[in-house]
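K.L.:
Have a peek at query_32.pdb (PDB, C-alpha atoms).
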ATOM      1  CA  MET A 141      19.668  -7.876 -21.852
ATOM      2  CA  SER A 142      20.328  -4.205 -22.514
ATOM      3  CA  ASP A 143      23.754  -2.587 -22.800
ATOM      4  CA  THR A 144      22.291   0.819 -21.906
ATOM      5  CA  PRO A 145      23.721   1.906 -18.540
ATOM      6  CA  LEU A 146      21.099   1.773 -15.815
ATOM      7  CA  PRO A 147      20.144   5.058 -14.101
ATOM      8  CA  HIS A 148      21.456   5.274 -10.546
ATOM      9  CA  PHE A 149      18.078   6.299  -9.145
ATOM     10  CA  ARG A 150      14.551   5.509 -10.361
ATOM     11  CA  ALA A 151      11.732   6.570  -8.054
ATOM     12  CA  ALA A 152       8.586   4.529  -7.461
ATOM     13  CA  LEU A 153       5.632   6.434  -8.928
ATOM     14  CA  GLY A 154       3.006   4.265  -7.253
ATOM     15  CA  PRO A 155       2.442   0.588  -6.500
ATOM     16  CA  GLY A 156       4.151  -1.442  -9.231
ATOM     17  CA  ASP A 157       5.140   1.625 -11.248
ATOM     18  CA  TRP A 158       8.539   3.277 -11.633
ATOM     19  CA  GLU A 159      10.041   6.149 -13.554
ATOM     20  CA  GLN A 160      12.069   5.046 -16.613
ATOM     21  CA  VAL A 161      10.677   1.494 -16.395
ATOM     22  CA  ALA A 162       8.580   0.483 -19.402
ATOM     23  CA  VAL A 163       5.510  -1.722 -19.163
ATOM     24  CA  HIS A 164       5.671  -4.719 -21.488
ATOM     25  CA  ALA A 165       3.211  -7.350 -22.603
ATOM     26  CA  TYR A 166       3.691 -10.446 -20.443
ATOM     27  CA  LYS A 167       4.399 -12.709 -23.424
ATOM     28  CA  GLN A 168       4.426 -12.289 -27.174
ATOM     29  CA  GLU A 169       3.847 -15.889 -28.266
ATOM     30  CA  ALA A 170       0.466 -16.835 -29.704
ATOM     31  CA  GLY A 171      -1.482 -19.634 -28.071
ATOM     32  CA  VAL A 172       0.121 -19.301 -24.629
ATOM     33  CA  PRO A 173      -2.592 -18.999 -21.965
ATOM     34  CA  PHE A 174      -2.406 -16.157 -19.400
ATOM     35  CA  LYS A 175      -4.712 -13.359 -18.268
ATOM     36  CA  ASP A 176      -4.359  -9.681 -17.355
ATOM     37  CA  ILE A 177      -0.655  -9.648 -16.585
ATOM     38  CA  THR A 178       2.141  -7.195 -17.382
ATOM     39  CA  ARG A 179       5.931  -7.379 -17.164
ATOM     40  CA  ARG A 180       8.522  -4.780 -16.183
ATOM     41  CA  LEU A 181      12.287  -5.274 -16.407
ATOM     42  CA  LEU A 182      13.709  -3.521 -13.321
ATOM     43  CA  PHE A 183      17.376  -4.504 -13.583
ATOM     44  CA  SER A 184      19.214  -6.006 -16.540
ATOM     45  CA  SER A 185      22.919  -5.416 -17.082
ATOM     46  CA  PRO A 186      25.879  -7.244 -18.652
ATOM     47  CA  ALA A 187      27.481  -6.778 -15.194
ATOM     48  CA  LEU A 188      24.796  -8.942 -13.534
ATOM     49  CA  GLY A 189      24.301 -12.697 -13.875
ATOM     50  CA  CYS A 190      20.576 -12.262 -13.207
ATOM     51  CA  GLU A 191      17.710 -10.009 -14.150
ATOM     52  CA  LEU A 192      15.115  -8.625 -11.760
ATOM     53  CA  ARG A 193      11.635  -8.414 -13.272
ATOM     54  CA  TYR A 194       8.295  -7.274 -11.865
ATOM     55  CA  PHE A 195       5.076  -9.007 -12.937
ATOM     56  CA  GLU A 196       1.662  -7.689 -12.064
ATOM     57  CA  MET A 197      -1.687  -9.400 -12.495
ATOM     58  CA  ALA A 198      -4.954  -7.465 -12.405
ATOM     59  CA  PRO A 199      -7.648  -8.874 -10.088
ATOM     60  CA  GLY A 200      -8.523 -12.340 -11.399
ATOM     61  CA  GLY A 201      -5.391 -12.463 -13.578
ATOM     62  CA  TYR A 202      -2.938 -15.349 -13.794
ATOM     63  CA  SER A 203       0.437 -16.235 -15.242
ATOM     64  CA  THR A 204       1.079 -19.110 -17.657
ATOM     65  CA  LEU A 205       1.207 -22.632 -16.236
ATOM     66  CA  GLU A 206       4.692 -23.688 -17.334
ATOM     67  CA  ARG A 207       8.053 -25.166 -16.365
ATOM     68  CA  HIS A 208      11.666 -24.815 -17.513
ATOM     69  CA  GLU A 209      15.251 -25.641 -16.556
ATOM     70  CA  HIS A 210      15.939 -22.183 -15.079
ATOM     71  CA  VAL A 211      14.772 -21.383 -11.566
ATOM     72  CA  HIS A 212      12.761 -18.448 -10.218
ATOM     73  CA  ALA A 213      13.356 -16.542  -6.975
ATOM     74  CA  VAL A 214      10.186 -14.596  -6.189
ATOM     75  CA  LEU A 215       9.164 -11.987  -3.604
ATOM     76  CA  ILE A 216       5.523 -10.874  -3.528
ATOM     77  CA  LEU A 217       5.683  -7.081  -3.635
ATOM     78  CA  ARG A 218       1.987  -6.252  -3.676
ATOM     79  CA  GLY A 219      -1.331  -7.955  -2.924
ATOM     80  CA  ARG A 220      -2.119 -11.589  -2.339
ATOM     81  CA  GLY A 221      -3.204 -14.616  -4.272
ATOM     82  CA  GLN A 222      -2.429 -18.258  -4.810
ATOM     83  CA  CYS A 223       0.560 -20.047  -6.262
ATOM     84  CA  LEU A 224       1.161 -23.541  -7.603
ATOM     85  CA  VAL A 225       4.706 -24.913  -7.234
ATOM     86  CA  GLY A 226       5.080 -28.555  -8.279
ATOM     87  CA  ASN A 227       2.103 -30.304  -6.711
ATOM     88  CA  GLU A 228       1.505 -27.738  -3.961
ATOM     89  CA  VAL A 229      -1.025 -24.885  -4.016
ATOM     90  CA  ARG A 230      -0.403 -22.182  -1.412
ATOM     91  CA  ALA A 231      -1.908 -18.868  -0.446
ATOM     92  CA  ILE A 232       0.660 -16.079  -0.916
ATOM     93  CA  ASP A 233       0.705 -12.653   0.663
ATOM     94  CA  THR A 234       2.794  -9.480   0.420
ATOM     95  CA  ASN A 235       6.524 -10.033   1.068
ATOM     96  CA  ASP A 236       6.262 -13.857   0.983
ATOM     97  CA  LEU A 237       9.139 -15.675  -0.727
ATOM     98  CA  VAL A 238       8.593 -18.344  -3.403
ATOM     99  CA  TYR A 239      11.317 -20.500  -4.979
ATOM    100  CA  ILE A 240      10.565 -22.438  -8.144
ATOM    101  CA  PRO A 241      13.144 -25.165  -8.813
ATOM    102  CA  ALA A 242      14.111 -26.460 -12.252
ATOM    103  CA  MET A 243      11.444 -28.259 -14.298
ATOM    104  CA  THR A 244       8.703 -27.584 -11.748
ATOM    105  CA  TRP A 245       5.180 -26.646 -12.843
ATOM    106  CA  HIS A 246       4.174 -23.236 -11.522
ATOM    107  CA  GLN A 247       1.474 -20.611 -11.876
ATOM    108  CA  PHE A 248       0.539 -17.414  -9.983
ATOM    109  CA  ARG A 249      -3.054 -16.246  -9.597
ATOM    110  CA  ALA A 250      -4.349 -12.942  -8.191
ATOM    111  CA  THR A 251      -7.512 -12.846  -6.105
ATOM    112  CA  GLU A 252     -10.626 -11.240  -7.560
ATOM    113  CA  ALA A 253     -10.197  -8.400  -5.050
ATOM    114  CA  GLU A 254      -6.857  -6.785  -5.856
ATOM    115  CA  PRO A 255      -3.779  -6.846  -8.099
ATOM    116  CA  LEU A 256      -0.934  -9.264  -7.349
ATOM    117  CA  GLY A 257       2.589  -8.012  -8.055
ATOM    118  CA  PHE A 258       5.834  -9.913  -7.588
ATOM    119  CA  LEU A 259       9.550  -9.522  -8.130
ATOM    120  CA  CYS A 260      11.218 -12.398  -9.975
ATOM    121  CA  MET A 261      14.997 -12.893 -10.022
ATOM    122  CA  VAL A 262      16.112 -15.104 -12.883
ATOM    123  CA  ASN A 263      19.379 -15.988 -14.615
ATOM    124  CA  ALA A 264      20.097 -13.661 -17.536
ATOM    125  CA  THR A 265      20.821 -16.703 -19.744
ATOM    126  CA  ARG A 266      17.978 -19.189 -19.565
ATOM    127  CA  ASP A 267      15.912 -21.732 -21.468
ATOM    128  CA  LYS A 268      12.457 -21.213 -22.934
ATOM    129  CA  PRO A 269       9.392 -22.135 -20.831
ATOM    130  CA  ARG A 270       7.491 -25.287 -21.792
ATOM    131  CA  LEU A 271       3.718 -25.678 -21.611
ATOM    132  CA  PRO A 272       2.064 -28.840 -20.288
ATOM    133  CA  SER A 273       0.917 -31.429 -22.817
ATOM    134  CA  ALA A 274      -2.686 -32.630 -22.608
ATOM    135  CA  GLU A 275      -1.403 -35.716 -20.753
ATOM    136  CA  GLU A 276       0.624 -33.643 -18.283
ATOM    137  CA  LEU A 277      -2.371 -31.379 -17.642
ATOM    138  CA  THR A 278      -4.603 -34.385 -16.964
ATOM    139  CA  GLU A 279      -1.996 -35.775 -14.572
ATOM    140  CA  LEU A 280      -1.747 -32.409 -12.752
ATOM    141  CA  LYS A 281      -5.537 -32.161 -12.465
ATOM    142  CA  SER A 282      -5.769 -35.621 -10.929
ATOM    143  CA  ASP A 283      -4.953 -33.779  -7.684
ATOM    144  CA  PRO A 284      -8.254 -32.144  -6.597
ATOM    145  CA  ALA A 285      -6.492 -29.119  -5.046
ATOM    146  CA  ILE A 286      -4.628 -28.448  -8.317
ATOM    147  CA  ALA A 287      -7.801 -28.995 -10.350
ATOM    148  CA  ARG A 288      -9.615 -26.384  -8.201
ATOM    149  CA  PHE A 289      -6.677 -23.963  -8.488
ATOM    150  CA  LEU A 290      -6.525 -24.272 -12.281
ATOM    151  CA  ALA A 291     -10.323 -23.954 -12.593
ATOM    152  CA  ASP A 292     -10.544 -20.676 -10.643
TER
ATOM    153  CA  MET B 692      26.356 -19.862  -1.386
ATOM    154  CA  SER B 693      24.495 -22.757   0.149
ATOM    155  CA  ASP B 694      23.867 -26.128  -1.503
ATOM    156  CA  THR B 695      20.825 -26.721   0.732
ATOM    157  CA  PRO B 696      17.699 -26.751  -1.459
ATOM    158  CA  LEU B 697      15.581 -23.668  -0.893
ATOM    159  CA  PRO B 698      12.048 -24.163   0.512
ATOM    160  CA  HIS B 699       9.363 -23.511  -2.109
ATOM    161  CA  PHE B 700       7.408 -21.203   0.209
ATOM    162  CA  ARG B 701       8.605 -18.965   3.049
ATOM    163  CA  ALA B 702       5.986 -16.650   4.516
ATOM    164  CA  ALA B 703       6.688 -13.079   5.620
ATOM    165  CA  LEU B 704       6.310 -12.906   9.405
ATOM    166  CA  GLY B 705       6.320  -9.107   9.533
ATOM    167  CA  PRO B 706       8.184  -6.227   7.873
ATOM    168  CA  GLY B 707      11.676  -7.462   6.994
ATOM    169  CA  ASP B 708      11.195 -10.836   8.672
ATOM    170  CA  TRP B 709      10.619 -14.249   7.086
ATOM    171  CA  GLU B 710      10.242 -17.826   8.244
ATOM    172  CA  GLN B 711      13.365 -19.942   7.707
ATOM    173  CA  VAL B 712      15.480 -16.834   6.997
ATOM    174  CA  ALA B 713      18.244 -16.246   9.537
ATOM    175  CA  VAL B 714      19.324 -12.782  10.677
ATOM    176  CA  HIS B 715      23.062 -12.231  10.289
ATOM    177  CA  ALA B 716      25.466  -9.579  11.441
ATOM    178  CA  TYR B 717      25.968  -7.084   8.604
ATOM    179  CA  LYS B 718      29.734  -7.622   8.485
ATOM    180  CA  GLN B 719      32.222  -9.639  10.466
ATOM    181  CA  GLU B 720      35.397  -7.657   9.769
ATOM    182  CA  ALA B 721      36.887  -5.515  12.527
ATOM    183  CA  GLY B 722      37.442  -1.816  11.874
ATOM    184  CA  VAL B 723      34.741  -1.466   9.191
ATOM    185  CA  PRO B 724      32.388   1.397  10.065
ATOM    186  CA  PHE B 725      28.603   0.805  10.007
ATOM    187  CA  LYS B 726      25.731   1.244  12.467
ATOM    188  CA  ASP B 727      22.615  -0.736  13.456
ATOM    189  CA  ILE B 728      22.274  -2.868  10.342
ATOM    190  CA  THR B 729      21.430  -6.531   9.788
ATOM    191  CA  ARG B 730      21.648  -8.858   6.776
ATOM    192  CA  ARG B 731      19.364 -11.652   5.586
ATOM    193  CA  LEU B 732      20.122 -13.968   2.681
ATOM    194  CA  LEU B 733      16.746 -14.504   0.937
ATOM    195  CA  PHE B 734      17.849 -16.490  -2.117
ATOM    196  CA  SER B 735      21.172 -18.218  -2.743
ATOM    197  CA  SER B 736      21.439 -21.277  -4.944
ATOM    198  CA  PRO B 737      24.021 -22.914  -7.243
ATOM    199  CA  ALA B 738      21.258 -22.653  -9.887
ATOM    200  CA  LEU B 739      21.292 -18.826  -9.703
ATOM    201  CA  GLY B 740      24.015 -16.461 -10.899
ATOM    202  CA  CYS B 741      22.975 -13.905  -8.264
ATOM    203  CA  GLU B 742      21.973 -13.752  -4.631
ATOM    204  CA  LEU B 743      19.104 -11.724  -3.227
ATOM    205  CA  ARG B 744      19.827 -10.244   0.177
ATOM    206  CA  TYR B 745      17.808  -8.029   2.524
ATOM    207  CA  PHE B 746      19.523  -5.377   4.618
ATOM    208  CA  GLU B 747      17.773  -3.459   7.333
ATOM    209  CA  MET B 748      18.988  -0.431   9.229
ATOM    210  CA  ALA B 749      17.424   0.645  12.513
ATOM    211  CA  PRO B 750      16.450   4.355  12.733
ATOM    212  CA  GLY B 751      19.683   6.359  12.431
ATOM    213  CA  GLY B 752      21.583   3.335  11.098
ATOM    214  CA  TYR B 753      23.852   3.270   8.048
ATOM    215  CA  SER B 754      25.749   0.871   5.826
ATOM    216  CA  THR B 755      29.482   1.000   5.179
ATOM    217  CA  LEU B 756      30.800   3.639   2.786
ATOM    218  CA  GLU B 757      32.565   1.420   0.241
ATOM    219  CA  ARG B 758      33.064   0.491  -3.418
ATOM    220  CA  HIS B 759      33.923  -2.641  -5.375
ATOM    221  CA  GLU B 760      34.009  -4.104  -8.886
ATOM    222  CA  HIS B 761      30.664  -5.898  -8.510
ATOM    223  CA  VAL B 762      27.440  -3.967  -8.980
ATOM    224  CA  HIS B 763      24.346  -3.711  -6.774
ATOM    225  CA  ALA B 764      20.703  -3.728  -7.905
ATOM    226  CA  VAL B 765      18.615  -2.378  -5.026
ATOM    227  CA  LEU B 766      14.884  -2.031  -4.328
ATOM    228  CA  ILE B 767      13.829  -0.223  -1.144
ATOM    229  CA  LEU B 768      11.386  -2.601   0.547
ATOM    230  CA  ARG B 769      10.619  -0.635   3.692
ATOM    231  CA  GLY B 770      10.973   2.912   5.025
ATOM    232  CA  ARG B 771      12.889   5.838   3.640
ATOM    233  CA  GLY B 772      16.282   7.458   3.975
ATOM    234  CA  GLN B 773      19.148   8.794   1.969
ATOM    235  CA  CYS B 774      21.630   7.183  -0.369
ATOM    236  CA  LEU B 775      24.993   8.203  -1.792
ATOM    237  CA  VAL B 776      25.885   6.811  -5.236
ATOM    238  CA  GLY B 777      29.113   8.216  -6.670
ATOM    239  CA  ASN B 778      28.909  11.941  -6.036
ATOM    240  CA  GLU B 779      25.117  12.136  -5.744
ATOM    241  CA  VAL B 780      23.079  12.114  -2.525
ATOM    242  CA  ARG B 781      19.401  11.311  -3.001
ATOM    243  CA  ALA B 782      16.350  10.832  -0.816
ATOM    244  CA  ILE B 783      15.026   7.277  -1.210
ATOM    245  CA  ASP B 784      11.566   5.967  -0.408
ATOM    246  CA  THR B 785       9.771   2.611  -0.373
ATOM    247  CA  ASN B 786       9.919   0.744  -3.727
ATOM    248  CA  ASP B 787      12.514   3.116  -5.258
ATOM    249  CA  LEU B 788      15.208   1.479  -7.399
ATOM    250  CA  VAL B 789      18.931   2.157  -6.939
ATOM    251  CA  TYR B 790      21.719   0.870  -9.196
ATOM    252  CA  ILE B 791      25.307   1.049  -7.999
ATOM    253  CA  PRO B 792      27.805   0.623 -10.861
ATOM    254  CA  ALA B 793      31.278  -0.880 -10.508
ATOM    255  CA  MET B 794      33.818   1.021  -8.363
ATOM    256  CA  THR B 795      31.286   3.618  -7.260
ATOM    257  CA  TRP B 796      31.226   4.908  -3.678
ATOM    258  CA  HIS B 797      27.903   4.195  -1.972
ATOM    259  CA  GLN B 798      26.239   4.308   1.408
ATOM    260  CA  PHE B 799      22.638   3.933   2.652
ATOM    261  CA  ARG B 800      21.321   5.831   5.676
ATOM    262  CA  ALA B 801      18.001   5.420   7.495
ATOM    263  CA  THR B 802      16.159   8.420   8.866
ATOM    264  CA  GLU B 803      15.954   8.877  12.637
ATOM    265  CA  ALA B 804      12.218   8.111  12.421
ATOM    266  CA  GLU B 805      11.984   4.559  11.071
ATOM    267  CA  PRO B 806      13.888   1.517   9.846
ATOM    268  CA  LEU B 807      15.147   1.374   6.257
ATOM    269  CA  GLY B 808      15.093  -2.026   4.567
ATOM    270  CA  PHE B 809      16.224  -2.864   1.042
ATOM    271  CA  LEU B 810      16.618  -5.827  -1.281
ATOM    272  CA  CYS B 811      20.024  -6.121  -2.941
ATOM    273  CA  MET B 812      20.644  -8.357  -5.961
ATOM    274  CA  VAL B 813      24.321  -9.128  -6.425
ATOM    275  CA  ASN B 814      26.428 -11.603  -8.409
ATOM    276  CA  ALA B 815      27.083 -14.786  -6.444
ATOM    277  CA  THR B 816      30.802 -14.534  -7.330
ATOM    278  CA  ARG B 817      32.138 -11.100  -6.456
ATOM    279  CA  ASP B 818      35.095  -9.120  -5.164
ATOM    280  CA  LYS B 819      35.611  -7.794  -1.665
ATOM    281  CA  PRO B 820      34.446  -4.234  -0.840
ATOM    282  CA  ARG B 821      37.129  -1.573  -0.428
ATOM    283  CA  LEU B 822      36.998   1.256   2.102
ATOM    284  CA  PRO B 823      38.002   4.818   1.214
ATOM    285  CA  SER B 824      41.530   5.918   2.088
ATOM    286  CA  ALA B 825      41.933   9.115   4.125
ATOM    287  CA  GLU B 826      42.715  10.925   0.856
ATOM    288  CA  GLU B 827      39.621   9.514  -0.900
ATOM    289  CA  LEU B 828      37.438  10.475   2.071
ATOM    290  CA  THR B 829      38.780  14.028   2.018
ATOM    291  CA  GLU B 830      38.107  14.220  -1.720
ATOM    292  CA  LEU B 831      34.523  12.949  -1.238
ATOM    293  CA  LYS B 832      33.897  15.444   1.551
ATOM    294  CA  SER B 833      35.039  18.341  -0.612
ATOM    295  CA  ASP B 834      31.464  18.221  -1.935
ATOM    296  CA  PRO B 835      29.320  19.971   0.739
ATOM    297  CA  ALA B 836      26.279  17.731   0.091
ATOM    298  CA  ILE B 837      28.385  14.601   0.580
ATOM    299  CA  ALA B 838      30.055  16.094   3.676
ATOM    300  CA  ARG B 839      26.614  16.760   5.198
ATOM    301  CA  PHE B 840      25.397  13.257   4.264
ATOM    302  CA  LEU B 841      28.423  11.581   5.855
ATOM    303  CA  ALA B 842      28.186  13.766   8.974
ATOM    304  CA  ASP B 843      24.533  12.913   9.673
TER
END
Go ahead and express the file in the form of structure tokens.
P.N.:
Amino acid sequence: MSDTPLPHFRAALGPGDWEQVAVHAYKQEAGVPFKDITRRLLFSSPALGCELRYFEMAPGGYSTLERHEHVHAVLILRGRGQCLVGNEVRAIDTNDLVYIPAMTWHQFRATEAEPLGFLCMVNATRDKPRLPSAEELTELKSDPAIARFLAD
Amino acid sequence: MSDTPLPHFRAALGPGDWEQVAVHAYKQEAGVPFKDITRRLLFSSPALGCELRYFEMAPGGYSTLERHEHVHAVLILRGRGQCLVGNEVRAIDTNDLVYIPAMTWHQFRATEAEPLGFLCMVNATRDKPRLPSAEELTELKSDPAIARFLAD
């Protein structure tokens, strides 16, 4: 969280791009699987209990398959794709809402045709994501729909 | 804040409309000035320190001119218009970001041509908005740009 006061106005420069909003690597950890995804921190302030981030995947990109105690409140801002929440795979389209409860496996995947961008509201104080063990991954893939989703 | 678990997926039904998201009156208090505006609560959960709301003004509509201790983190989801933050009036367009610090006068206004819809992230626990006194309104209107904005 930054203590720098937020500007009152920051204009959109194009889809998924804003003035005075830096583009960050999605994750810094080694060995964490993801593909073609960036992260932008839109709102972070000591005055707010949450942060609002924007994640964007290039066509064919995907976020890390993970779970954690903190929850995610997501609005798809741009494009379409697929999303795993728990044991459910769903098609997602612009402006759809996705809620990821505590300790629930989740992953976002863009289509091959276009970028997928989403807003994610998250508590400012939160735990670190956990990756699936080999056993947990095998268990997840025992569902054919999840196996297809993860293989795409 | 609701204790009802949030659905994992809620599809957008059209601009500013979602399945399983109720449309509420903007405010319930008598004597508070606003025009042609609705409120939707997109995400509210005991697991989240903030709520994400969606406000939509019909063409020519406007929110209440007010201030409060809690801050607002806003993303314009639909349309364009004008916004007052403190002593600055700015044109706002789709996807622009607006931050409203504590105790800062603010108002959103749609154009006459189209609806204006915005996401607003706000702390779940917050103080009640305060309206300007006659003296504060006179002081605000001493700035010609603000006087024109409020007269629109």
K.L.:
Tell me which of B:Met812, B:Glu803, B:Leu775, B:Glu760 sits closest to B:Leu733, counting all atoms listed in the file.
P.N.:
B:Met812
K.L.:
Which residues come within 10 Å of B:Asp708, counting all atoms listed in the file, excluding same-chain residues fewer than 6 positions away, as a list in words?
P.N.:
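Counting only the stated atoms, we get Asn235 and Asp236 of chain A; Ala702, Val714, Arg731, Tyr745 and Glu747 of chain B.
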K.L.:
Please provide as a ChimeraX atom specification all residues within 9 Å of B:Cys811, with the sequence filter that same-chain residues fewer than 5 positions apart are discarded (counting all atoms listed in the file).
P.N.:
/B:742-746,763-767
K.L.:
Excluding A:Ala250 and any residue of its chain fewer than 4 positions from it, enumerate the residues within 8 Å of it, using only C-alpha atoms, and give them as a list in words.
P.N.:
Met197, Ala198, Pro199, Gly200, Gly201, Tyr202, Gly219, Arg220, Gly221, Gln222, Glu254, Pro255 and Leu256 of chain A
K.L.:
Would you mind listing, as a PDB file with C-alpha atoms, in the frame of the given file, all residues of chain A that have at least one atom within 9 Å of chain B, where all atoms listed in the file are what counts?
P.N.:
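Result file follows (result31.pdb):
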ATOM      1  CA  PRO A 145      23.721   1.906 -18.540  1.00  0.00           C
ATOM      2  CA  LEU A 146      21.099   1.773 -15.815  1.00  0.00           C
ATOM      3  CA  PRO A 147      20.144   5.058 -14.101  1.00  0.00           C
ATOM      4  CA  HIS A 148      21.456   5.274 -10.546  1.00  0.00           C
ATOM      5  CA  PHE A 149      18.078   6.299  -9.145  1.00  0.00           C
ATOM      6  CA  ARG A 150      14.551   5.509 -10.361  1.00  0.00           C
ATOM      7  CA  ALA A 151      11.732   6.570  -8.054  1.00  0.00           C
ATOM      8  CA  ALA A 152       8.586   4.529  -7.461  1.00  0.00           C
ATOM      9  CA  LEU A 153       5.632   6.434  -8.928  1.00  0.00           C
ATOM     10  CA  GLY A 154       3.006   4.265  -7.253  1.00  0.00           C
ATOM     11  CA  PRO A 155       2.442   0.588  -6.500  1.00  0.00           C
ATOM     12  CA  GLY A 156       4.151  -1.442  -9.231  1.00  0.00           C
ATOM     13  CA  ASP A 157       5.140   1.625 -11.248  1.00  0.00           C
ATOM     14  CA  TRP A 158       8.539   3.277 -11.633  1.00  0.00           C
ATOM     15  CA  LEU A 182      13.709  -3.521 -13.321  1.00  0.00           C
ATOM     16  CA  PHE A 183      17.376  -4.504 -13.583  1.00  0.00           C
ATOM     17  CA  ALA A 187      27.481  -6.778 -15.194  1.00  0.00           C
ATOM     18  CA  LEU A 188      24.796  -8.942 -13.534  1.00  0.00           C
ATOM     19  CA  GLY A 189      24.301 -12.697 -13.875  1.00  0.00           C
ATOM     20  CA  CYS A 190      20.576 -12.262 -13.207  1.00  0.00           C
ATOM     21  CA  GLU A 191      17.710 -10.009 -14.150  1.00  0.00           C
ATOM     22  CA  LEU A 192      15.115  -8.625 -11.760  1.00  0.00           C
ATOM     23  CA  HIS A 210      15.939 -22.183 -15.079  1.00  0.00           C
ATOM     24  CA  VAL A 211      14.772 -21.383 -11.566  1.00  0.00           C
ATOM     25  CA  HIS A 212      12.761 -18.448 -10.218  1.00  0.00           C
ATOM     26  CA  ALA A 213      13.356 -16.542  -6.975  1.00  0.00           C
ATOM     27  CA  VAL A 214      10.186 -14.596  -6.189  1.00  0.00           C
ATOM     28  CA  LEU A 217       5.683  -7.081  -3.635  1.00  0.00           C
ATOM     29  CA  VAL A 225       4.706 -24.913  -7.234  1.00  0.00           C
ATOM     30  CA  ARG A 230      -0.403 -22.182  -1.412  1.00  0.00           C
ATOM     31  CA  ILE A 232       0.660 -16.079  -0.916  1.00  0.00           C
ATOM     32  CA  ASP A 233       0.705 -12.653   0.663  1.00  0.00           C
ATOM     33  CA  THR A 234       2.794  -9.480   0.420  1.00  0.00           C
ATOM     34  CA  ASN A 235       6.524 -10.033   1.068  1.00  0.00           C
ATOM     35  CA  ASP A 236       6.262 -13.857   0.983  1.00  0.00           C
ATOM     36  CA  LEU A 237       9.139 -15.675  -0.727  1.00  0.00           C
ATOM     37  CA  VAL A 238       8.593 -18.344  -3.403  1.00  0.00           C
ATOM     38  CA  TYR A 239      11.317 -20.500  -4.979  1.00  0.00           C
ATOM     39  CA  ILE A 240      10.565 -22.438  -8.144  1.00  0.00           C
ATOM     40  CA  PRO A 241      13.144 -25.165  -8.813  1.00  0.00           C
ATOM     41  CA  ALA A 242      14.111 -26.460 -12.252  1.00  0.00           C
ATOM     42  CA  MET A 261      14.997 -12.893 -10.022  1.00  0.00           C
ATOM     43  CA  VAL A 262      16.112 -15.104 -12.883  1.00  0.00           C
ATOM     44  CA  ASN A 263      19.379 -15.988 -14.615  1.00  0.00           C
ATOM     45  CA  ALA A 264      20.097 -13.661 -17.536  1.00  0.00           C
TER      46      ALA A 264
END
K.L.:
If you measure from atom CA of B:Tyr717 to atom CA of B:Thr755, what distance in Å do you get, rounded to one decimal?
P.N.:
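So the answer is 9.5 Å.
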